Amino acid sequence: MRLSYPTNIKIVKVPCTGRVDIIHILKAFEGGADGVCLVGCLEGDCHYLRGNLRARKRVEHVKLLLEESGIGKERVAMHNLSSAQGQRFAEIAREMTEKIRALGPNPARKTG
Amino acid sequence: MIVANRKPFEEIIEMLKPYSKILLLGCNECVTVCATGGAKEVSVLASEIRLFRQKEGQPVEIKELTLERNCDTEYVESLKPAINDYEVAISMACGCGIQFVGEHYRDKLVLPAVDTTFYGVAEEQGVWTERCQGCGACVLDKTLGICPVTRCAKSIFNGPCGGSQGGKCEVNKETPCAWQLIVDRYKEMNMLEKYLEIQPMKNWSTSRDGGPRKRVREDLKL
Ligand code: SF4
Ligand code: SF4
């Protein structure tokens with residue numbers, strides 16, 4: 001299967017979405033990312049039992065933080081996929097890119 | 001532990017408006033365990049402030065520093081090399097820590113980034129509840145371990161009041177009536193006769209009502 005997804009997406013590999021902390025997502029925005037999407041295993045399928053469920057809660061919390069700091073909650077999302085859903089991954093990558101492109105660049109991106 | 005809540009972000013941003021070099025303090029004790037002002041929360045708040053100010057076109061430099069304790073001179077003094085490089089300090093320690101740092105560095109403002117709320121316990125992961133108000137004369141022996149000062153909304157000593165309904169307090173349907181808990185506990189321990197003892201008026205002078213309190217142990221003083 002040779003699927004393509006937008007090249008402006010930078011993949012950061014983690015052992016489990018449960019490893020992703022609030023500060024990691026905020027740091028991505030500080031580093032100039034326009035959006036962050038967490039892609040975890042299907043709910044109920046976490047190798048570490050609840051990693052993906054906890055990640056989702058953190059994403060919800062980060063939305064509040066992004067909202068108060070004026071970055072906007074729409075710039076972060078979470079999706080659950082199995083490793084057999086490459087097709088869906090490429091689709092989500094395209095949808096997310098379109099959505100973020102419509103929102104415009106990260107308002108806190110450092111210029112120059 | 002002392003439990004606190006982070007202040008609303010707008011309030012923090014407003015306090016920091018005039019400054020561009022900020023020292024953000026955390027504390028490794030109570031506020032770390034109640035997930036309000038430990039190193040983790042300090043890094044999150046710092047990041048949020050940087051994002052906001054960057055977006056506003058007023059970037060800030062923030063030094064994140066979490067002390068072992070903010071209520072002990074030896075740790076507070078360790079701030080000496082850092083504090084002068086910053087225009088202002090803002091602290092996520094409890095109210096005691098915020099004041100104590102300010103007392104040590106009188107030419108600096110130390111602003112509060114949290115609202116200190118109560119002495120409590122971690123009932124479960126992510127849930128903290130109040131247990132004690134430091135009344136200075138503990139009655140937990142009489143009430144078998146349930147504090148009427150704190151857990152009864154009216155702090156009454158011969159309860160319950162008429163607002164106790166189905167075991168809940170009239171101030172909030174979620175809040176157990178402290179006196180219901182106490183009576184249940186008397187029964188559980190086969191000590192219901194204790195309920196018949198009328199408690200005399202409490203002397204509140206040992207509590208906040210007697211003014212700020214002080215504890216001295218001569219043998220420990222240097
Ligand atoms: S400064 Fe406050 S939060 Fe820190 S250890 Fe002391 S009492 Fe606890
Ligand atoms: S009786 Fe006083 S010291 Fe004892 S738990 Fe209640 S408030 Fe604290």
# chains A, B, ... in the order shown; residues from 1 in each chain; ligands from 1
>>> interface_residues(of="chain B", to="chain A", cutoff="7 Å", atoms="only C-alpha atoms", output="MDAnalysis selection string")
chainID B and resid 9 43:44 47:49 51:52 54:55
>>> write_last_selection(atoms="C-alpha atoms", output="compact mmCIF listing (two decimals), in the first residue's frame")
# COMPACT_ATOMS: atom_id res chain seq x y z
CA PHE B 9 -5.29 32.86 33.14
CA SER B 43 6.35 24.52 32.78
CA VAL B 44 2.77 24.45 31.47
CA SER B 47 4.50 27.86 28.03
CA GLU B 48 0.99 29.32 28.05
CA ILE B 49 2.26 32.77 29.03
CA LEU B 51 2.40 31.64 23.70
CA PHE B 52 0.00 34.39 24.72
CA GLN B 54 4.23 35.99 21.60
CA LYS B 55 0.84 36.18 19.92
>>> select_by_dssp(residues="segment 4-118 of chain B", states="strand (DSSP E)", output="VMD selection string")
chain B and resid 4 to 6 21 to 27 61 to 67 88 to 91 110 to 112 114 to 118
>>> write_last_selection(atoms="N, CA, C and O atoms", output="tab-separated table (two decimals), in the first residue's frame")
chain	number	residue	atom	x	y	z
B	4	ALA	N	-4.37	24.12	46.46
B	4	ALA	CA	-4.56	25.41	45.79
B	4	ALA	C	-5.10	25.17	44.38
B	4	ALA	O	-5.05	24.05	43.87
B	5	ASN	N	-5.62	26.23	43.78
B	5	ASN	CA	-6.06	26.19	42.39
B	5	ASN	C	-5.29	27.23	41.60
B	5	ASN	O	-5.04	28.32	42.13
B	6	ARG	N	-4.97	26.93	40.38
B	6	ARG	CA	-4.32	27.97	39.59
B	6	ARG	C	-5.32	29.10	39.36
B	6	ARG	O	-6.50	28.86	39.16
B	21	LYS	N	10.59	40.26	31.85
B	21	LYS	CA	11.53	39.26	32.38
B	21	LYS	C	10.96	38.75	33.70
B	21	LYS	O	10.93	39.47	34.70
B	22	ILE	N	10.50	37.52	33.66
B	22	ILE	CA	9.69	37.01	34.77
B	22	ILE	C	10.30	35.75	35.38
B	22	ILE	O	10.72	34.84	34.66
B	23	LEU	N	10.32	35.71	36.70
B	23	LEU	CA	10.73	34.50	37.40
B	23	LEU	C	9.47	33.76	37.84
B	23	LEU	O	8.65	34.32	38.59
B	24	LEU	N	9.27	32.56	37.35
B	24	LEU	CA	8.06	31.79	37.70
B	24	LEU	C	8.46	30.68	38.68
B	24	LEU	O	9.20	29.76	38.33
B	25	LEU	N	7.95	30.80	39.90
B	25	LEU	CA	8.35	29.87	40.96
B	25	LEU	C	7.33	28.76	41.18
B	25	LEU	O	6.12	29.00	41.15
B	26	GLY	N	7.85	27.58	41.46
B	26	GLY	CA	6.99	26.47	41.85
B	26	GLY	C	7.48	25.93	43.18
B	26	GLY	O	8.48	26.40	43.73
B	27	CYS	N	6.79	24.95	43.72
B	27	CYS	CA	7.17	24.36	45.00
B	27	CYS	C	7.03	22.84	44.89
B	27	CYS	O	6.04	22.34	44.34
B	61	GLU	N	10.57	36.71	28.62
B	61	GLU	CA	11.56	35.72	29.02
B	61	GLU	C	11.11	35.21	30.38
B	61	GLU	O	10.88	35.99	31.30
B	62	ILE	N	10.97	33.90	30.50
B	62	ILE	CA	10.52	33.33	31.78
B	62	ILE	C	11.54	32.34	32.28
B	62	ILE	O	11.94	31.42	31.56
B	63	LYS	N	11.95	32.53	33.53
B	63	LYS	CA	12.82	31.54	34.17
B	63	LYS	C	11.92	30.68	35.06
B	63	LYS	O	11.21	31.19	35.93
B	64	GLU	N	11.95	29.36	34.83
B	64	GLU	CA	11.14	28.46	35.64
B	64	GLU	C	12.00	27.90	36.76
B	64	GLU	O	13.08	27.37	36.50
B	65	LEU	N	11.52	28.01	38.00
B	65	LEU	CA	12.34	27.56	39.11
B	65	LEU	C	11.45	26.96	40.20
B	65	LEU	O	10.57	27.64	40.73
B	66	THR	N	11.64	25.70	40.47
B	66	THR	CA	10.83	25.04	41.50
B	66	THR	C	11.69	24.73	42.71
B	66	THR	O	12.65	23.96	42.60
B	67	LEU	N	11.35	25.35	43.83
B	67	LEU	CA	12.12	25.14	45.05
B	67	LEU	C	11.62	23.89	45.77
B	67	LEU	O	10.46	23.52	45.64
B	88	VAL	N	10.26	40.70	38.02
B	88	VAL	CA	9.17	40.35	38.93
B	88	VAL	C	9.19	38.84	39.14
B	88	VAL	O	9.70	38.09	38.29
B	89	ALA	N	8.64	38.40	40.27
B	89	ALA	CA	8.47	36.96	40.48
B	89	ALA	C	6.98	36.67	40.59
B	89	ALA	O	6.22	37.48	41.13
B	90	ILE	N	6.57	35.53	40.06
B	90	ILE	CA	5.19	35.08	40.24
B	90	ILE	C	5.28	33.65	40.71
B	90	ILE	O	6.08	32.87	40.20
B	91	SER	N	4.49	33.32	41.72
B	91	SER	CA	4.70	32.04	42.38
B	91	SER	C	3.47	31.14	42.37
B	91	SER	O	2.34	31.61	42.55
B	110	VAL	N	6.39	39.74	44.54
B	110	VAL	CA	6.14	38.32	44.31
B	110	VAL	C	4.62	38.17	44.17
B	110	VAL	O	3.87	38.36	45.13
B	111	LEU	N	4.19	37.88	42.96
B	111	LEU	CA	2.76	37.85	42.66
B	111	LEU	C	2.20	36.44	42.82
B	111	LEU	O	2.92	35.46	42.61
B	112	PRO	N	0.91	36.32	43.15
B	112	PRO	CA	0.32	34.97	43.29
B	112	PRO	C	-0.23	34.45	41.96
B	112	PRO	O	-1.02	35.12	41.32
B	114	VAL	N	-1.63	31.36	42.11
B	114	VAL	CA	-2.64	30.38	42.56
B	114	VAL	C	-3.53	31.01	43.63
B	114	VAL	O	-3.14	31.99	44.26
B	115	ASP	N	-4.69	30.41	43.80
B	115	ASP	CA	-5.57	30.75	44.93
B	115	ASP	C	-5.46	29.59	45.90
B	115	ASP	O	-5.83	28.46	45.57
B	116	THR	N	-4.92	29.86	47.08
B	116	THR	CA	-4.76	28.79	48.07
B	116	THR	C	-6.11	28.54	48.73
B	116	THR	O	-6.77	29.49	49.15
B	117	THR	N	-6.50	27.27	48.80
B	117	THR	CA	-7.88	27.02	49.22
B	117	THR	C	-8.05	26.26	50.53
B	117	THR	O	-8.74	26.71	51.42
B	118	PHE	N	-7.43	25.10	50.65
B	118	PHE	CA	-7.69	24.34	51.90
B	118	PHE	C	-6.61	23.33	52.26
B	118	PHE	O	-5.71	23.07	51.47
>>> select_by_dssp(residues="chain A", states="alpha helix (DSSP H)", output="PyMOL selection string")
chain A and resi 22-30+51-68+86-103
>>> residues_near_ligand(ligand="ligand 2", cutoff="12 Å", atoms="only C-alpha atoms and all ligand atoms", output="ChimeraX atom specification")
/B:118-121,130-152,155-157,178,202-208
>>> residues_near_ligand(ligand="ligand 1", cutoff="6 Å", atoms="only C-alpha atoms and all ligand atoms", output="mmCIF file with N, CA and C atoms, in the first residue's frame")
data_model
loop_
_atom_site.group_PDB
_atom_site.id
_atom_site.type_symbol
_atom_site.label_atom_id
_atom_site.label_comp_id
_atom_site.auth_asym_id
_atom_site.auth_seq_id
_atom_site.Cartn_x
_atom_site.Cartn_y
_atom_site.Cartn_z
ATOM 1 N N CYS B 27 6.790 24.951 43.716
ATOM 2 C CA CYS B 27 7.175 24.356 44.997
ATOM 3 C C CYS B 27 7.025 22.844 44.887
ATOM 4 N N GLU B 29 6.484 20.654 47.174
ATOM 5 C CA GLU B 29 5.730 19.937 48.218
ATOM 6 C C GLU B 29 4.229 19.954 47.926
ATOM 7 N N CYS B 30 3.457 20.534 48.830
ATOM 8 C CA CYS B 30 1.990 20.419 48.728
ATOM 9 C C CYS B 30 1.427 20.712 47.331
ATOM 10 N N VAL B 31 1.854 21.831 46.761
ATOM 11 C CA VAL B 31 1.260 22.212 45.472
ATOM 12 C C VAL B 31 1.704 21.306 44.320
ATOM 13 N N ARG B 69 11.042 23.718 48.946
ATOM 14 C CA ARG B 69 9.943 24.324 49.708
ATOM 15 C C ARG B 69 10.090 25.832 49.615
ATOM 16 N N ASN B 70 8.981 26.542 49.619
ATOM 17 C CA ASN B 70 9.035 28.004 49.597
ATOM 18 C C ASN B 70 8.797 28.567 50.993
ATOM 19 N N CYS B 71 8.598 27.680 51.972
ATOM 20 C CA CYS B 71 8.266 28.146 53.317
ATOM 21 C C CYS B 71 9.423 27.886 54.275
ATOM 22 N N ALA B 93 3.493 28.543 44.504
ATOM 23 C CA ALA B 93 3.456 27.927 45.837
ATOM 24 C C ALA B 93 2.186 28.407 46.534
ATOM 25 N N CYS B 94 1.907 27.849 47.691
ATOM 26 C CA CYS B 94 0.724 28.295 48.436
ATOM 27 C C CYS B 94 0.956 29.708 48.951
ATOM 28 N N CYS B 96 1.545 30.803 51.798
ATOM 29 C CA CYS B 96 2.661 30.922 52.748
ATOM 30 C C CYS B 96 3.956 31.138 51.973
ATOM 31 N N GLY B 97 4.159 30.315 50.956
ATOM 32 C CA GLY B 97 5.387 30.387 50.173
ATOM 33 C C GLY B 97 5.504 31.715 49.434
#
>>> atom_distance(atom1="atom CA of Arg94 of chain A", atom2="atom CA of Lys63 of chain A")
21.1 Å
>>> residues_around(residues="Met78 of chain A", least_positions_apart="2", cutoff="6 Å", atoms="only C-alpha atoms", output="list in words")
Cys37, Leu38 and Val39 of chain A
>>> write_last_selection(atoms="N, CA, C and O atoms", output="tab-separated table (two decimals), in the first residue's frame")
chain	number	residue	atom	x	y	z
A	37	CYS	N	-2.00	16.80	16.10
A	37	CYS	CA	-2.99	15.74	16.07
A	37	CYS	C	-2.40	14.49	16.74
A	37	CYS	O	-1.32	14.04	16.35
A	38	LEU	N	-3.07	13.99	17.74
A	38	LEU	CA	-2.61	12.76	18.38
A	38	LEU	C	-3.33	11.59	17.71
A	38	LEU	O	-4.55	11.63	17.55
A	39	VAL	N	-2.57	10.59	17.33
A	39	VAL	CA	-3.19	9.40	16.74
A	39	VAL	C	-2.86	8.21	17.62
A	39	VAL	O	-1.70	7.78	17.70
>>> residues_around(residues="Lys99 of chain A", least_positions_apart="3", cutoff="12 Å", atoms="only C-alpha atoms", output="PyMOL selection string")
chain A and resi 34-37+74-77+92-96+102-105
>>> decode(residues="segment 34-53 of chain B", atoms="N, CA, C and O atoms", output="CSV table (one decimal), in the first residue's frame")
chain,number,residue,atom,x,y,z
B,34,CYS,N,-0.9,18.3,44.8
B,34,CYS,CA,-2.2,18.6,44.4
B,34,CYS,C,-2.2,19.1,43.0
B,34,CYS,O,-3.2,19.7,42.5
B,35,ALA,N,-1.1,18.9,42.3
B,35,ALA,CA,-1.0,19.2,40.8
B,35,ALA,C,-1.4,20.6,40.4
B,35,ALA,O,-2.1,20.8,39.5
B,36,THR,N,-0.9,21.6,41.2
B,36,THR,CA,-1.2,23.0,40.9
B,36,THR,C,0.0,23.7,40.6
B,36,THR,O,0.0,24.6,39.7
B,37,GLY,N,1.1,23.5,41.4
B,37,GLY,CA,2.2,24.4,41.3
B,37,GLY,C,3.6,23.7,41.4
B,37,GLY,O,4.5,24.3,41.9
B,38,GLY,N,3.7,22.5,40.9
B,38,GLY,CA,4.9,21.8,40.9
B,38,GLY,C,5.7,22.1,39.6
B,38,GLY,O,5.2,22.9,38.8
B,39,ALA,N,6.8,21.5,39.4
B,39,ALA,CA,7.6,21.8,38.2
B,39,ALA,C,6.8,21.6,36.9
B,39,ALA,O,7.0,22.4,36.0
B,40,LYS,N,5.9,20.6,36.9
B,40,LYS,CA,5.1,20.3,35.7
B,40,LYS,C,4.2,21.5,35.4
B,40,LYS,O,4.1,22.0,34.3
B,41,GLU,N,3.5,21.9,36.4
B,41,GLU,CA,2.5,23.0,36.3
B,41,GLU,C,3.2,24.3,35.9
B,41,GLU,O,2.7,25.1,35.2
B,42,VAL,N,4.4,24.5,36.5
B,42,VAL,CA,5.2,25.7,36.2
B,42,VAL,C,5.5,25.7,34.7
B,42,VAL,O,5.4,26.7,34.1
B,43,SER,N,6.0,24.5,34.2
B,43,SER,CA,6.3,24.5,32.8
B,43,SER,C,5.1,24.8,31.9
B,43,SER,O,5.2,25.4,30.9
B,44,VAL,N,4.0,24.2,32.3
B,44,VAL,CA,2.8,24.5,31.5
B,44,VAL,C,2.4,25.9,31.5
B,44,VAL,O,2.1,26.5,30.5
B,45,LEU,N,2.4,26.5,32.7
B,45,LEU,CA,2.0,27.9,32.8
B,45,LEU,C,3.0,28.8,32.0
B,45,LEU,O,2.6,29.7,31.3
B,46,ALA,N,4.3,28.5,32.1
B,46,ALA,CA,5.3,29.3,31.4
B,46,ALA,C,5.0,29.2,29.9
B,46,ALA,O,5.1,30.3,29.2
B,47,SER,N,4.7,28.0,29.5
B,47,SER,CA,4.5,27.9,28.0
B,47,SER,C,3.3,28.7,27.6
B,47,SER,O,3.3,29.3,26.6
B,48,GLU,N,2.2,28.6,28.4
B,48,GLU,CA,1.0,29.3,28.0
B,48,GLU,C,1.2,30.8,28.0
B,48,GLU,O,0.7,31.5,27.1
B,49,ILE,N,2.0,31.3,29.0
B,49,ILE,CA,2.3,32.8,29.0
B,49,ILE,C,3.1,33.2,27.8
B,49,ILE,O,2.8,34.2,27.1
B,50,ARG,N,4.1,32.4,27.5
B,50,ARG,CA,4.9,32.7,26.3
B,50,ARG,C,4.1,32.7,25.0
B,50,ARG,O,4.3,33.6,24.2
B,51,LEU,N,3.2,31.7,24.9
B,51,LEU,CA,2.4,31.6,23.7
B,51,LEU,C,1.5,32.9,23.6
B,51,LEU,O,1.4,33.5,22.5
B,52,PHE,N,0.9,33.2,24.7
B,52,PHE,CA,0.0,34.4,24.7
B,52,PHE,C,0.8,35.7,24.4
B,52,PHE,O,0.3,36.4,23.5
B,53,ARG,N,1.9,35.9,25.0
B,53,ARG,CA,2.6,37.1,24.8
B,53,ARG,C,3.3,37.2,23.5
B,53,ARG,O,3.4,38.2,22.9
